[in-house]
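Student: Have a look at the structure that comes next, please.
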Amino acid sequence: MSRHPDPHLQAVIEYAVSKGWRVKLSKKGHAWGRLLCPLNEREGCIHSVNGTPRNPVGDARRLKKAIDNCPHQENENDDGNEEL
């Protein structure tokens with residue numbers, strides 16, 4: 001996989017991959033690629049990663065927050081029992 005030129009965004013991309021997200025690189029345009037959440041369906045979350053953002057630290061913070069708040073990923077604390 002191609003590495004992002006900015007270290008802050010590369011760290012967030014690696015974090016997303018460790019959480020089960022997929023990376024789809026762009027072939028053209030301003031976006032470097034897209035992050036796709038673990039839900040492999042149309043309703044899954046998709047977030048663009050800019051190739052040359054004005055504020056890479058802010059973009060990295062925004063992406064990490066979106067990854068952490070994704071409703072489609074499994075909870076690490078989930079033991080399979082739901083309380084009603």
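Going through the structure tokens in order, the chains are called A, B, and so on, while each chain numbers its residues from 1 and the ligands are numbered from 1 in the order shown.
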Give me every strand (DSSP E or B) residue in segment 17-47 of chain A, going by DSSP on the backbone, as JSON, numbers by chain.
Tutor: {"A": [22, 23, 24, 25, 31, 32, 33, 34, 35, 36, 46, 47]}
Student: Write out as a PyMOL selection string each polymer residue whose atoms come within 9 Å of Ala60 of chain A, counting only C-alpha atoms; drop sequence neighbours fewer than 6 positions from it.
Tutor: chain A and resi 8-13+49
Student: For the residues in that selection, give me N, CA and C atoms as a PDB file, in the first residue's frame.
Tutor:
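Everything below was put into again_28.pdb:
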```
ATOM      1  N   HIS A   8       1.260  12.604  10.130  1.00  0.00           N
ATOM      2  CA  HIS A   8       0.069  12.613  10.991  1.00  0.00           C
ATOM      3  C   HIS A   8      -1.057  11.804  10.352  1.00  0.00           C
ATOM      4  N   LEU A   9      -1.280  12.032   9.065  1.00  0.00           N
ATOM      5  CA  LEU A   9      -2.342  11.304   8.373  1.00  0.00           C
ATOM      6  C   LEU A   9      -1.962   9.834   8.177  1.00  0.00           C
ATOM      7  N   GLN A  10      -0.694   9.544   7.958  1.00  0.00           N
ATOM      8  CA  GLN A  10      -0.268   8.156   7.821  1.00  0.00           C
ATOM      9  C   GLN A  10      -0.520   7.393   9.113  1.00  0.00           C
ATOM     10  N   ALA A  11      -0.291   8.027  10.244  1.00  0.00           N
ATOM     11  CA  ALA A  11      -0.543   7.379  11.534  1.00  0.00           C
ATOM     12  C   ALA A  11      -2.035   7.073  11.709  1.00  0.00           C
ATOM     13  N   VAL A  12      -2.898   7.988  11.281  1.00  0.00           N
ATOM     14  CA  VAL A  12      -4.342   7.762  11.391  1.00  0.00           C
ATOM     15  C   VAL A  12      -4.772   6.655  10.431  1.00  0.00           C
ATOM     16  N   ILE A  13      -4.184   6.598   9.253  1.00  0.00           N
ATOM     17  CA  ILE A  13      -4.506   5.541   8.295  1.00  0.00           C
ATOM     18  C   ILE A  13      -4.126   4.182   8.883  1.00  0.00           C
ATOM     19  N   VAL A  49      -9.439  11.085   2.385  1.00  0.00           N
ATOM     20  CA  VAL A  49      -8.161  11.526   2.936  1.00  0.00           C
ATOM     21  C   VAL A  49      -7.516  12.412   1.876  1.00  0.00           C
TER      22      VAL A  49
END
```
Student: Could you pull the residues within 10 Å of Pro71 of chain A, counting only C-alpha atoms, minus those fewer than 3 positions along the same chain, as JSON, numbers by chain?
Tutor: {"A": [37, 38, 39, 44, 45, 66, 67, 68, 74, 75]}
Student: Would you work out the distance separating atom CA of Leu35 of chain A from atom CA of Trp21 of chain A, expressed in Å to one decimal?
Tutor: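 Going from atom CA of Leu35 of chain A over to atom CA of Trp21 of chain A covers 6.5 Å.
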Student: Can you pull out every residue from chain A that DSSP, working from the backbone, puts in helix (DSSP H, G or I), and format the result as an MDAnalysis selection string?
Tutor: chainID A and resid 7:18 56:68
Student: Report, in Å with one decimal, the straight-line distance from atom CA of His47 of chain A to atom CA of Lys27 of chain A.
Tutor: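 Atom CA of Lys27 of chain A lies at a distance of 15.9 Å from atom CA of His47 of chain A.
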Student: Find the residue from A:Tyr15, A:His4, A:Arg62, A:Val57 that sits nearest to Ala31 of chain A; use only C-alpha atoms when measuring.
Tutor: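 Closest residue, counting only C-alpha atoms: A:His4.
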Student: Given the choices A:His30, A:Leu63, A:Ser2, A:Gln73, which gets closest to Gly51 of chain A if the distance is worked out from only C-alpha atoms?
Tutor: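 Ranking A:His30, A:Leu63, A:Ser2, A:Gln73 by distance to Gly51 of chain A, first place goes to A:His30.
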Student: So what do you get for atom CA of Trp32 of chain A versus atom CA of His72 of chain A, distance-wise?
Tutor: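 Separation between atom CA of Trp32 of chain A and atom CA of His72 of chain A: 23.4 Å.
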